[in-house]
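A.B. asks: Sending over final_32.cif (mmCIF, C-alpha atoms and all ligand atoms).
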data_structure
#
loop_
_atom_site.label_atom_id
_atom_site.label_comp_id
_atom_site.auth_asym_id
_atom_site.auth_seq_id
_atom_site.Cartn_x
_atom_site.Cartn_y
_atom_site.Cartn_z
CA MET A 1068 127.21 -56.06 161.94
CA LEU A 1069 128.54 -52.57 161.24
CA GLU A 1070 131.94 -54.06 160.61
CA HIS A 1071 130.33 -56.42 158.14
CA VAL A 1072 128.77 -53.56 156.22
CA ALA A 1073 132.00 -51.58 156.27
CA ARG A 1074 133.88 -54.52 154.83
CA ALA A 1075 131.28 -55.05 152.12
CA VAL A 1076 131.51 -51.47 150.83
CA GLU A 1077 135.27 -51.25 151.08
CA PRO A 1078 136.96 -51.86 147.74
CA SER A 1079 139.00 -55.02 147.60
CA ILE A 1080 142.05 -53.41 146.02
CA ARG A 1081 143.09 -50.49 148.17
CA ARG A 1082 145.85 -48.00 148.35
CA VAL A 1083 148.60 -48.86 150.85
CA PHE A 1084 151.77 -47.18 152.05
CA ASN A 1085 154.70 -49.20 150.77
CA LEU A 1086 157.23 -48.85 153.57
CA SER A 1087 158.54 -52.35 152.94
CA GLY A 1088 161.88 -51.07 151.70
CA THR A 1089 161.36 -52.61 148.26
CA VAL A 1090 160.52 -49.87 145.81
CA ILE A 1091 159.14 -51.93 142.91
CA HIS A 1092 157.26 -54.55 144.92
CA THR A 1093 155.30 -57.13 142.92
CA ASN A 1094 152.90 -57.89 145.77
CA LEU A 1095 152.19 -54.17 146.17
CA GLY A 1096 151.46 -53.50 142.51
CA ARG A 1097 154.98 -52.75 141.22
CA ALA A 1098 155.54 -49.30 139.72
CA PRO A 1099 153.05 -46.57 140.66
CA LEU A 1100 151.87 -44.71 137.55
CA ALA A 1101 152.69 -41.12 136.71
CA VAL A 1102 149.84 -38.61 136.86
CA GLU A 1103 150.07 -38.31 133.08
CA ALA A 1104 149.52 -42.06 132.72
CA ILE A 1105 146.61 -42.06 135.17
CA ASP A 1106 144.94 -39.20 133.28
CA ALA A 1107 145.35 -41.14 130.04
CA VAL A 1108 143.74 -44.22 131.61
CA VAL A 1109 140.78 -42.20 132.85
CA ALA A 1110 140.33 -40.53 129.46
CA SER A 1111 140.32 -43.87 127.64
CA ALA A 1112 138.25 -45.84 130.13
CA GLY A 1113 134.82 -44.25 130.20
CA GLU A 1114 134.26 -43.34 126.57
CA ALA A 1115 134.78 -44.81 123.14
CA SER A 1116 138.29 -44.27 121.84
CA ASN A 1117 140.32 -44.67 118.66
CA LEU A 1118 141.98 -47.76 120.16
CA GLU A 1119 142.01 -49.66 116.87
CA TYR A 1120 140.80 -46.95 114.58
CA ASP A 1121 142.74 -44.82 112.15
CA LEU A 1122 141.19 -41.37 112.46
CA ILE A 1123 142.58 -40.08 109.14
CA ALA A 1124 141.76 -43.07 106.98
CA GLY A 1125 138.54 -43.83 108.83
CA THR A 1126 139.42 -47.51 108.85
CA ARG A 1127 140.54 -50.18 111.25
CA GLY A 1128 143.91 -49.49 112.87
CA GLU A 1129 146.40 -51.42 115.00
CA ARG A 1130 146.14 -51.02 118.77
CA ASP A 1131 149.90 -51.31 119.18
CA ASP A 1132 150.42 -48.29 116.92
CA HIS A 1133 149.84 -46.06 119.93
CA VAL A 1134 153.19 -47.12 121.39
CA THR A 1135 155.35 -48.66 118.68
CA ASP A 1136 156.88 -45.39 117.46
CA SER A 1137 157.97 -44.40 120.97
CA LEU A 1138 159.30 -47.87 121.68
CA ARG A 1139 161.28 -47.92 118.45
CA ARG A 1140 162.80 -44.53 119.11
CA LEU A 1141 163.70 -45.33 122.71
CA SER A 1142 165.16 -48.78 121.97
CA LYS A 1143 166.63 -47.99 118.54
CA ALA A 1144 165.04 -51.23 117.31
CA GLU A 1145 163.30 -51.69 113.97
CA ALA A 1146 159.96 -52.83 115.37
CA ALA A 1147 158.00 -53.29 118.59
CA LEU A 1148 155.09 -55.26 119.96
CA VAL A 1149 153.17 -55.18 123.25
CA VAL A 1150 151.63 -58.07 125.18
CA ASN A 1151 150.25 -58.60 128.65
CA ASN A 1152 153.48 -59.01 130.58
CA ASN A 1153 157.06 -60.09 130.09
CA ALA A 1154 156.24 -63.74 130.77
CA ALA A 1155 153.81 -63.55 127.85
CA ALA A 1156 156.45 -61.81 125.74
CA VAL A 1157 158.93 -64.65 126.31
CA LEU A 1158 156.21 -67.24 125.64
CA LEU A 1159 155.17 -65.55 122.40
CA ALA A 1160 158.73 -65.07 121.18
CA LEU A 1161 159.71 -68.69 121.82
CA ASN A 1162 156.49 -70.14 120.43
CA SER A 1163 156.71 -68.01 117.29
CA LEU A 1164 160.34 -68.74 116.52
CA ALA A 1165 161.08 -72.12 118.07
CA ASN A 1166 157.96 -74.28 118.27
CA ARG A 1167 158.95 -77.99 118.11
CA ARG A 1168 162.60 -77.02 117.90
CA GLU A 1169 165.49 -76.40 120.26
CA VAL A 1170 166.48 -73.27 122.12
CA ILE A 1171 169.94 -73.01 123.64
CA ILE A 1172 170.18 -71.53 127.11
CA SER A 1173 172.96 -71.41 129.71
CA ARG A 1174 172.51 -73.51 132.85
CA GLY A 1175 173.33 -70.35 134.81
CA GLU A 1176 170.21 -68.69 133.43
CA GLN A 1177 167.59 -71.35 134.22
CA ILE A 1178 165.89 -68.92 136.47
CA GLU A 1179 162.80 -68.85 138.60
CA ILE A 1180 161.11 -65.53 139.26
CA GLY A 1181 158.57 -65.09 142.05
CA GLY A 1182 155.05 -66.19 141.21
CA ALA A 1183 156.09 -69.48 139.61
CA PHE A 1184 157.68 -68.13 136.45
CA ARG A 1185 160.29 -70.79 135.77
CA MET A 1186 162.14 -70.34 132.55
CA PRO A 1187 162.34 -74.10 131.76
CA ASP A 1188 158.57 -74.47 132.25
CA VAL A 1189 157.77 -71.46 130.09
CA MET A 1190 160.04 -72.80 127.36
CA THR A 1191 158.34 -76.18 127.46
CA ARG A 1192 154.89 -74.58 127.34
CA ALA A 1193 156.03 -72.52 124.36
CA GLY A 1194 156.60 -75.81 122.57
CA CYS A 1195 160.37 -75.75 122.46
CA ARG A 1196 162.97 -78.12 123.73
CA LEU A 1197 165.60 -76.77 126.05
CA ARG A 1198 169.20 -77.32 125.13
CA GLU A 1199 171.10 -76.46 128.31
CA VAL A 1200 174.75 -75.57 128.01
CA GLY A 1201 177.58 -74.71 130.39
CA THR A 1202 177.40 -75.03 134.16
CA THR A 1203 175.68 -73.03 136.87
CA ASN A 1204 178.62 -70.70 137.31
CA ARG A 1205 180.43 -70.78 133.96
CA THR A 1206 179.30 -70.87 130.37
CA HIS A 1207 181.61 -70.18 127.41
CA LEU A 1208 181.00 -69.24 123.81
CA SER A 1209 182.23 -72.68 122.73
CA ASP A 1210 179.49 -74.30 124.85
CA TYR A 1211 176.90 -72.50 122.76
CA ALA A 1212 178.72 -73.16 119.49
CA ASP A 1213 179.02 -76.91 120.20
CA ALA A 1214 175.31 -77.18 120.97
CA ILE A 1215 174.08 -75.72 117.69
CA GLY A 1216 172.58 -78.40 115.48
CA PRO A 1217 169.97 -78.89 112.77
CA ARG A 1218 167.10 -78.61 115.26
CA THR A 1219 168.33 -75.38 116.86
CA ALA A 1220 165.92 -72.49 116.38
CA ALA A 1221 167.34 -69.75 118.62
CA ILE A 1222 169.73 -68.81 121.39
CA LEU A 1223 168.13 -67.37 124.52
CA LYS A 1224 169.91 -65.16 127.02
CA VAL A 1225 168.18 -64.32 130.29
CA HIS A 1226 169.18 -61.36 132.42
CA PRO A 1227 169.95 -62.48 135.99
CA SER A 1228 167.18 -60.49 137.60
CA ASN A 1229 166.78 -61.67 141.13
CA TYR A 1230 170.13 -63.27 141.85
CA ALA A 1231 173.82 -62.87 141.16
CA VAL A 1232 176.34 -65.60 140.54
CA SER A 1233 179.62 -64.46 142.02
CA GLY A 1234 183.07 -65.90 142.47
CA PHE A 1235 184.49 -68.14 139.72
CA THR A 1236 182.07 -67.20 136.97
CA ALA A 1237 181.92 -66.73 133.23
CA THR A 1238 179.08 -65.64 130.99
CA VAL A 1239 179.02 -64.77 127.32
CA ASP A 1240 178.39 -61.17 126.36
CA GLU A 1241 175.40 -60.42 124.08
CA SER A 1242 177.58 -59.15 121.24
CA GLU A 1243 179.64 -62.37 121.12
CA LEU A 1244 176.49 -64.45 121.31
CA ALA A 1245 174.84 -62.38 118.58
CA ARG A 1246 177.87 -62.85 116.31
CA LEU A 1247 177.77 -66.62 116.83
CA ALA A 1248 173.99 -66.78 116.33
CA HIS A 1249 174.13 -64.75 113.13
CA GLU A 1250 177.03 -66.80 111.70
CA ARG A 1251 174.79 -69.84 112.10
CA GLY A 1252 171.67 -68.10 110.82
CA LEU A 1253 169.94 -68.08 114.23
CA PRO A 1254 168.21 -65.30 116.15
CA LEU A 1255 169.40 -64.22 119.60
CA ILE A 1256 166.53 -63.58 122.00
CA VAL A 1257 167.29 -61.67 125.20
CA ASP A 1258 164.88 -61.68 128.16
CA LEU A 1259 166.03 -58.52 129.87
CA GLY A 1260 163.52 -58.70 132.73
CA SER A 1261 163.37 -55.17 134.01
CA GLY A 1262 164.86 -53.46 131.02
CA SER A 1263 165.63 -49.82 131.59
CA LEU A 1264 165.11 -47.38 128.72
CA ILE A 1265 167.58 -44.90 130.15
CA ASP A 1266 171.05 -44.96 131.63
CA LEU A 1267 170.32 -45.25 135.35
CA GLU A 1268 173.88 -44.34 136.28
CA ALA A 1269 173.15 -40.82 135.07
CA PHE A 1270 170.57 -40.69 137.87
CA GLY A 1271 173.03 -41.92 140.48
CA LEU A 1272 171.63 -45.45 140.45
CA PRO A 1273 173.45 -48.75 139.93
CA ARG A 1274 174.16 -49.73 136.34
CA GLU A 1275 171.56 -51.76 134.51
CA PRO A 1276 171.89 -52.55 130.80
CA THR A 1277 169.57 -50.39 128.71
CA VAL A 1278 167.28 -51.93 126.13
CA ALA A 1279 168.98 -49.87 123.41
CA SER A 1280 172.43 -51.18 124.40
CA ILE A 1281 171.23 -54.78 124.07
CA VAL A 1282 169.70 -54.03 120.67
CA GLU A 1283 172.94 -52.35 119.66
CA ARG A 1284 174.93 -55.42 120.72
CA GLY A 1285 173.02 -57.40 118.14
CA ALA A 1286 170.11 -59.03 119.97
CA ASP A 1287 167.35 -59.82 117.48
CA LEU A 1288 164.51 -59.71 120.00
CA VAL A 1289 164.56 -58.13 123.45
CA THR A 1290 161.72 -58.60 125.93
CA PHE A 1291 161.12 -56.62 129.13
CA SER A 1292 158.40 -55.58 131.59
CA GLY A 1293 156.34 -52.41 131.52
CA ASP A 1294 155.88 -52.14 135.28
CA LYS A 1295 159.38 -52.68 136.60
CA LEU A 1296 162.11 -50.06 136.09
CA LEU A 1297 160.21 -48.59 133.16
CA GLY A 1298 157.63 -47.29 135.63
CA GLY A 1299 154.50 -47.94 133.59
CA PRO A 1300 151.56 -50.38 133.62
CA GLN A 1301 151.87 -54.15 133.55
CA ALA A 1302 152.88 -55.06 130.02
CA GLY A 1303 155.39 -57.14 128.13
CA LEU A 1304 157.39 -55.20 125.59
CA ILE A 1305 159.14 -56.83 122.67
CA VAL A 1306 161.50 -54.91 120.42
CA GLY A 1307 163.77 -56.09 117.64
CA ARG A 1308 164.06 -56.97 113.99
CA ALA A 1309 161.02 -56.17 111.89
CA LYS A 1310 160.88 -59.58 110.24
CA LEU A 1311 160.87 -61.43 113.56
CA VAL A 1312 158.43 -59.05 115.25
CA GLU A 1313 156.11 -59.61 112.29
CA LYS A 1314 156.26 -63.38 112.93
CA LEU A 1315 155.21 -62.78 116.52
CA ARG A 1316 152.46 -60.45 115.38
CA ARG A 1317 150.98 -63.15 113.15
CA ASN A 1318 151.02 -65.86 115.83
CA PRO A 1319 147.39 -66.62 116.89
CA LEU A 1320 148.61 -66.73 120.51
CA ARG A 1321 149.12 -63.00 120.32
CA ARG A 1322 145.37 -62.43 120.30
CA ALA A 1323 145.18 -64.21 123.65
CA LEU A 1324 147.99 -62.09 125.07
CA ARG A 1325 146.94 -58.66 123.87
CA VAL A 1326 146.66 -55.69 126.21
CA ASP A 1327 143.66 -53.64 127.17
CA LYS A 1328 142.99 -50.03 126.16
CA MET A 1329 143.73 -48.72 129.65
CA THR A 1330 147.11 -50.41 129.63
CA LEU A 1331 147.95 -48.99 126.23
CA ALA A 1332 146.84 -45.52 127.27
CA ALA A 1333 149.01 -45.67 130.39
CA LEU A 1334 151.96 -47.11 128.51
CA ALA A 1335 151.79 -44.51 125.74
CA ALA A 1336 151.67 -41.69 128.29
CA THR A 1337 154.53 -43.18 130.31
CA LEU A 1338 156.74 -43.60 127.24
CA ARG A 1339 156.04 -39.99 126.23
CA LEU A 1340 157.64 -38.85 129.50
CA TYR A 1341 160.92 -40.44 128.41
CA PHE A 1342 161.36 -37.85 125.69
CA ASP A 1343 161.99 -35.22 128.34
CA GLU A 1344 164.70 -36.88 130.43
CA GLY A 1345 165.29 -33.73 132.44
CA LEU A 1346 161.84 -34.00 134.00
CA LEU A 1347 161.66 -37.79 134.12
CA ALA A 1348 162.82 -38.25 137.72
CA ALA A 1349 160.23 -35.73 138.90
CA ARG A 1350 157.33 -37.18 136.93
CA LEU A 1351 157.87 -40.91 137.06
CA PRO A 1352 157.08 -42.10 140.61
CA ALA A 1353 159.27 -45.22 140.50
CA LEU A 1354 162.31 -43.23 139.39
CA ARG A 1355 161.45 -40.39 141.76
CA GLN A 1356 161.38 -42.78 144.70
CA LEU A 1357 164.52 -44.59 143.60
CA THR A 1358 166.45 -41.34 143.29
CA ARG A 1359 165.09 -39.66 146.42
CA PRO A 1360 167.98 -38.01 148.25
CA THR A 1361 168.91 -39.79 151.48
CA ASP A 1362 169.01 -36.59 153.52
CA LYS A 1363 165.43 -35.75 152.51
CA ILE A 1364 164.35 -39.17 153.77
CA ARG A 1365 166.24 -38.54 156.98
CA VAL A 1366 164.51 -35.22 157.55
CA MET A 1367 161.16 -36.94 157.10
CA ALA A 1368 162.17 -39.65 159.58
CA GLU A 1369 163.13 -37.00 162.14
CA THR A 1370 159.80 -35.24 161.68
CA LEU A 1371 157.69 -38.39 161.91
CA ALA A 1372 159.44 -40.19 164.78
CA PRO A 1373 158.05 -38.00 167.59
CA LEU A 1374 154.54 -38.18 166.11
CA VAL A 1375 154.61 -41.97 166.00
CA THR A 1376 156.11 -42.06 169.50
CA ALA A 1377 153.27 -39.86 170.78
CA GLN A 1378 150.73 -42.38 169.50
CA ILE A 1379 152.51 -45.51 170.67
CA GLY A 1380 153.38 -44.27 174.16
CA ASP A 1381 155.77 -46.44 176.13
CA ARG A 1382 154.57 -49.79 174.75
CA ALA A 1383 157.31 -49.78 172.18
CA SER A 1384 160.31 -47.64 171.39
CA VAL A 1385 160.45 -45.65 168.17
CA SER A 1386 163.79 -44.62 166.75
CA ILE A 1387 165.22 -43.62 163.42
CA GLU A 1388 168.00 -45.59 161.82
CA PRO A 1389 169.71 -45.76 158.47
CA CYS A 1390 168.62 -48.72 156.36
CA LEU A 1391 169.01 -50.03 152.84
CA SER A 1392 166.20 -50.08 150.31
CA GLN A 1393 165.98 -52.60 147.50
CA ILE A 1394 165.01 -51.67 143.99
CA GLY A 1395 162.91 -54.82 143.67
CA SER A 1396 161.14 -56.89 141.04
CA GLY A 1397 164.26 -58.48 139.81
CA SER A 1398 166.07 -55.27 139.09
CA LEU A 1399 169.67 -54.82 140.12
CA PRO A 1400 169.37 -57.64 142.63
CA ILE A 1401 172.40 -57.02 144.78
CA ASP A 1402 172.54 -53.25 144.84
CA ARG A 1403 171.00 -51.38 147.74
CA LEU A 1404 170.05 -47.74 148.20
CA ALA A 1405 170.87 -45.88 151.41
CA SER A 1406 167.68 -44.82 153.17
CA TRP A 1407 166.19 -44.04 156.60
CA ALA A 1408 163.58 -45.92 158.56
CA LEU A 1409 161.36 -45.60 161.58
CA ILE A 1410 162.13 -48.55 163.82
CA VAL A 1411 159.40 -49.79 166.13
CA ARG A 1412 160.71 -52.11 168.88
CA PRO A 1413 158.28 -53.63 171.38
CA ARG A 1414 159.59 -53.48 174.92
CA GLY A 1415 160.16 -56.53 177.09
CA SER A 1416 161.90 -59.89 176.97
CA SER A 1417 163.05 -61.20 173.63
CA ARG A 1418 160.31 -63.83 173.75
CA LYS A 1419 157.72 -61.15 174.34
CA ILE A 1420 159.16 -59.04 171.52
CA ARG A 1421 158.88 -61.97 169.16
CA LEU A 1422 155.25 -62.46 170.11
CA GLN A 1423 154.44 -58.79 169.84
CA LEU A 1424 156.15 -57.91 166.56
CA GLY A 1425 153.57 -59.48 164.31
CA ALA A 1426 150.83 -57.75 166.27
CA TRP A 1427 152.50 -54.36 165.80
CA ALA A 1428 152.92 -54.97 162.09
CA LEU A 1429 149.21 -55.91 161.95
CA ALA A 1430 148.23 -52.75 163.82
CA PHE A 1431 149.93 -50.66 161.14
CA ARG A 1432 148.25 -52.71 158.41
CA MET A 1433 144.82 -52.10 159.98
CA LEU A 1434 145.07 -48.32 159.48
CA PRO A 1435 142.67 -46.78 156.91
CA VAL A 1436 145.56 -46.61 154.45
CA PRO A 1437 147.41 -49.79 155.50
CA VAL A 1438 151.08 -49.28 156.27
CA ILE A 1439 153.23 -52.17 155.07
CA GLY A 1440 156.58 -52.48 156.82
CA ARG A 1441 158.97 -55.36 157.27
CA ILE A 1442 160.11 -57.26 160.32
CA THR A 1443 163.84 -57.69 160.76
CA LYS A 1444 166.03 -58.41 163.73
CA GLY A 1445 163.39 -57.95 166.41
CA ALA A 1446 161.95 -54.73 165.05
CA LEU A 1447 159.29 -53.43 162.72
CA VAL A 1448 161.13 -51.42 160.08
CA LEU A 1449 159.25 -48.71 158.18
CA ASP A 1450 161.52 -47.59 155.34
CA LEU A 1451 160.44 -44.07 154.43
CA ARG A 1452 161.92 -43.98 150.91
CA CYS A 1453 158.51 -44.45 149.25
CA LEU A 1454 156.49 -42.31 151.67
CA GLU A 1455 155.56 -39.25 149.63
CA ASP A 1456 152.21 -38.43 151.24
CA ALA A 1457 153.38 -37.82 154.81
CA GLU A 1458 150.25 -35.77 155.51
CA THR A 1459 147.90 -38.75 155.13
CA PHE A 1460 150.33 -40.95 157.06
CA VAL A 1461 150.35 -38.55 159.99
CA GLY A 1462 146.63 -37.79 159.71
CA GLN A 1463 145.65 -41.39 160.36
CA LEU A 1464 148.16 -42.12 163.16
CA HIS A 1465 145.56 -41.41 165.87
CA GLN A 1466 143.69 -44.49 164.65
CA LEU A 1467 146.60 -46.81 165.35
CA VAL A 1468 145.49 -49.37 167.91
CA PRO A 1469 148.54 -50.77 169.76
CA PRO A 1470 148.30 -54.50 170.38
CA VAL A 1471 147.27 -55.77 173.81
CA ASP A 1472 149.98 -57.23 176.03
CA PRO A 1473 150.39 -60.99 175.54
C1 LIG B 1501 160.32 -60.08 135.92
C2 LIG B 1501 160.90 -60.96 134.91
C3 LIG B 1501 160.09 -61.76 134.09
C4 LIG B 1501 158.60 -61.74 134.21
O1 LIG B 1501 158.09 -60.50 133.84
P1 LIG B 1501 156.55 -60.15 134.12
O2 LIG B 1501 156.37 -58.81 133.48
O3 LIG B 1501 156.38 -60.15 135.59
O4 LIG B 1501 155.74 -61.20 133.46
C5 LIG B 1501 160.71 -62.57 133.16
N1 LIG B 1501 162.06 -62.60 133.04
C6 LIG B 1501 162.86 -61.85 133.82
C7 LIG B 1501 164.33 -61.96 133.63
C8 LIG B 1501 162.32 -61.01 134.78
O5 LIG B 1501 163.10 -60.26 135.56
#
Mind turning the file's structure into structure tokens?
Ligand SMILES: *Cc1c(COP(=O)(O)O)cnc(C)c1O
C.D. replies:
Amino acid sequence: MLEHVARAVEPSIRRVFNLSGTVIHTNLGRAPLAVEAIDAVVASAGEASNLEYDLIAGTRGERDDHVTDSLRRLSKAEAALVVNNNAAAVLLALNSLANRREVIISRGEQIEIGGAFRMPDVMTRAGCRLREVGTTNRTHLSDYADAIGPRTAAILKVHPSNYAVSGFTATVDESELARLAHERGLPLIVDLGSGSLIDLEAFGLPREPTVASIVERGADLVTFSGDKLLGGPQAGLIVGRAKLVEKLRRNPLRRALRVDKMTLAALAATLRLYFDEGLLAARLPALRQLTRPTDKIRVMAETLAPLVTAQIGDRASVSIEPCLSQIGSGSLPIDRLASWALIVRPRGSSRKIRLQLGAWALAFRMLPVPVIGRITKGALVLDLRCLEDAETFVGQLHQLVPPVDP
């Protein structure tokens, strides 16, 4: 009965500790927002706001105006538009520019992203016919050139987000594709997926093409997510040529894909942080967690291990080991970041360990702030890269209920 009541008053969406080892984890809400973005959400949520209101003119304004200037400056593009997520951005771009016509795409870029986003399906739903060129591993400029015909409306390039084709491969660079597209009077659309606004190498992270570099290479429209590497709220950002962005803006579909005031408030505040790059890694949680020094994580692991051991007793062993974190959400799919983890290994036969592992993972998930780890090679791995609030983690350890013996 009491449990019933407790469950009824508990909010459905709750904070968790993401110790899964994937920093930008779609199932765990992707990028955490910066304090500045959260404050902006709170300020916009409970009161009337100038969401679509020009305070100087005293007339109706455009809701996107709150972010377009920042987006244009950061991407060096002529114009910008915001929709609900990147899937919506791709849908809107294709439907606005290529309805009932053909879009050329490489067979190596016919991607599926988690959550049933399949590029061919989205293209069909947008009303365009796919014109696939090349092969899974190799596509050449001539493949694109040969496919252009009277029904062609655009060339689409999709960033390989969650996979890498390696070995005997060939892809066509955006600048070559842009040159070809423009010679034939076609736009080049690039779905960049994560789309970083800054050079991540400068932060010691693997290289990822920046939005500005893709614009500079001649892409006419670039779409990317707000809640992946950018570190903001869920949103789909579209930047590019003013004339094309205007076409998207006038598409009636856009009304169905528009974003809420809280999203815009968070996005505007997040983008503002980018104008002070020196402080960005401190303020933006996703970037802060991605760039967290390995030795700091190790120190935390060394501090926490004895505390977890004290709670678990001799039912399982707790050790610390180096591990590799993933960036996640289709960013930099093959690169890994060196990190440290607490490793919980049930004792006993390998059969018993197998039976017990799930129960240990569940025990950690049943804590007041659920701890989400991952199970690999006979152990529960708690990657500490994203654990910033160690105090709360430690403070609730006494409530951990070890599983009963099978
Ligand atoms: C993540 C991703 C999408 C989908 O973006 P959402 O913001 O989740 O809708 C589309 N294309 C690529 C290449 C991606 O990486």
A.B. asks: With distances taken over all atoms listed in the file, which of A:Ala1107, A:Val1289, A:Leu1264, A:Val1076 is nearest to ligand LIG 1501 (chain B)?
C.D. replies: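 Closest to ligand LIG 1501 (chain B) of all the choices is A:Val1289.
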A.B. asks: Can you work out which one of A:Gly1299, A:Gly1380, A:Pro1360, A:Pro1276 has the shortest atom-to-atom distance to Tyr1341 in chain A, counting all atoms listed in the file?
C.D. replies: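 Closest residue, counting all atoms listed in the file: A:Gly1299.
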A.B. asks: Show me which residues line ligand LIG 1501 (chain B), defined as having an atom within 9 Å of a ligand atom where only C-alpha atoms and all ligand atoms count, and present them as an NGL selection string.
C.D. replies: :A and (1093 or 1151-1157 or 1176 or 1178-1182 or 1184-1186 or 1225-1229 or 1257-1262 or 1290-1295 or 1301-1304 or 1396-1398)
A.B. asks: Taking into account all atoms listed in the file, which residue in the set A:Asp1213, A:Glu1241, A:Glu1077, A:Glu1268 is nearest to Gly1201 in chain A?
C.D. replies: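 Of all the options, A:Asp1213 lies closest to Gly1201 in chain A.
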A.B. asks: Measuring between all atoms listed in the file, which one of A:Pro1254, A:Leu1351, A:Arg1317, A:Val1471 shows the shortest distance to Arg1339 in chain A?
C.D. replies: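 Among the listed residues, the smallest separation from Arg1339 in chain A belongs to A:Leu1351.
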A.B. asks: Interatomic distance between CA of Ile1305 in chain A and CA of Ala1146 in chain A?
C.D. replies: 8.4 Å
A.B. asks: If you measure from CA of Glu1199 in chain A to CA of Leu1255 in chain A, what distance in Å do you get, rounded to one decimal?
C.D. replies: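 Atom-to-atom, CA of Glu1199 in chain A and CA of Leu1255 in chain A are spaced 15.1 Å apart.
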A.B. asks: Need the shell around range 1433-1438 of chain A: protein/DNA/RNA residues with any atom at most 12 Å away, counting all atoms listed in the file. Skip same-chain ones fewer than 3 positions apart. Format as JSON, numbers by chain?
C.D. replies: {"A": [1073, 1074, 1077, 1078, 1080, 1081, 1082, 1083, 1084, 1085, 1086, 1087, 1088, 1095, 1426, 1427, 1428, 1429, 1430, 1441, 1447, 1448, 1449, 1450, 1451, 1453, 1454, 1456, 1457, 1458, 1459, 1460, 1461, 1462, 1463, 1464, 1465, 1466, 1467, 1468, 1469, 1470]}
A.B. asks: Please, what distance in Å, to one decimal, runs between CA of Val1232 in chain A and CA of Asp1188 in chain A?
C.D. replies: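 Interatomic distance here is 21.5 Å.
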A.B. asks: Counting all atoms listed in the file, I want the residues whose atoms come within 12 Å of (177.2, -69.5, 117.4) in the file frame, returned as a compact mmCIF listing (two decimals) with C-alpha atoms, in the frame of the given file.
C.D. replies:
# COMPACT_ATOMS: atom_id res chain seq x y z
CA ILE A 1171 169.94 -73.01 123.64
CA HIS A 1207 181.61 -70.18 127.41
CA LEU A 1208 181.00 -69.24 123.81
CA SER A 1209 182.23 -72.68 122.73
CA ASP A 1210 179.49 -74.30 124.85
CA TYR A 1211 176.90 -72.50 122.76
CA ALA A 1212 178.72 -73.16 119.49
CA ASP A 1213 179.02 -76.91 120.20
CA ALA A 1214 175.31 -77.18 120.97
CA ILE A 1215 174.08 -75.72 117.69
CA GLY A 1216 172.58 -78.40 115.48
CA THR A 1219 168.33 -75.38 116.86
CA ALA A 1220 165.92 -72.49 116.38
CA ALA A 1221 167.34 -69.75 118.62
CA ILE A 1222 169.73 -68.81 121.39
CA LEU A 1223 168.13 -67.37 124.52
CA VAL A 1239 179.02 -64.77 127.32
CA GLU A 1241 175.40 -60.42 124.08
CA SER A 1242 177.58 -59.15 121.24
CA GLU A 1243 179.64 -62.37 121.12
CA LEU A 1244 176.49 -64.45 121.31
CA ALA A 1245 174.84 -62.38 118.58
CA ARG A 1246 177.87 -62.85 116.31
CA LEU A 1247 177.77 -66.62 116.83
CA ALA A 1248 173.99 -66.78 116.33
CA HIS A 1249 174.13 -64.75 113.13
CA GLU A 1250 177.03 -66.80 111.70
CA ARG A 1251 174.79 -69.84 112.10
CA GLY A 1252 171.67 -68.10 110.82
CA LEU A 1253 169.94 -68.08 114.23
CA PRO A 1254 168.21 -65.30 116.15
CA LEU A 1255 169.40 -64.22 119.60
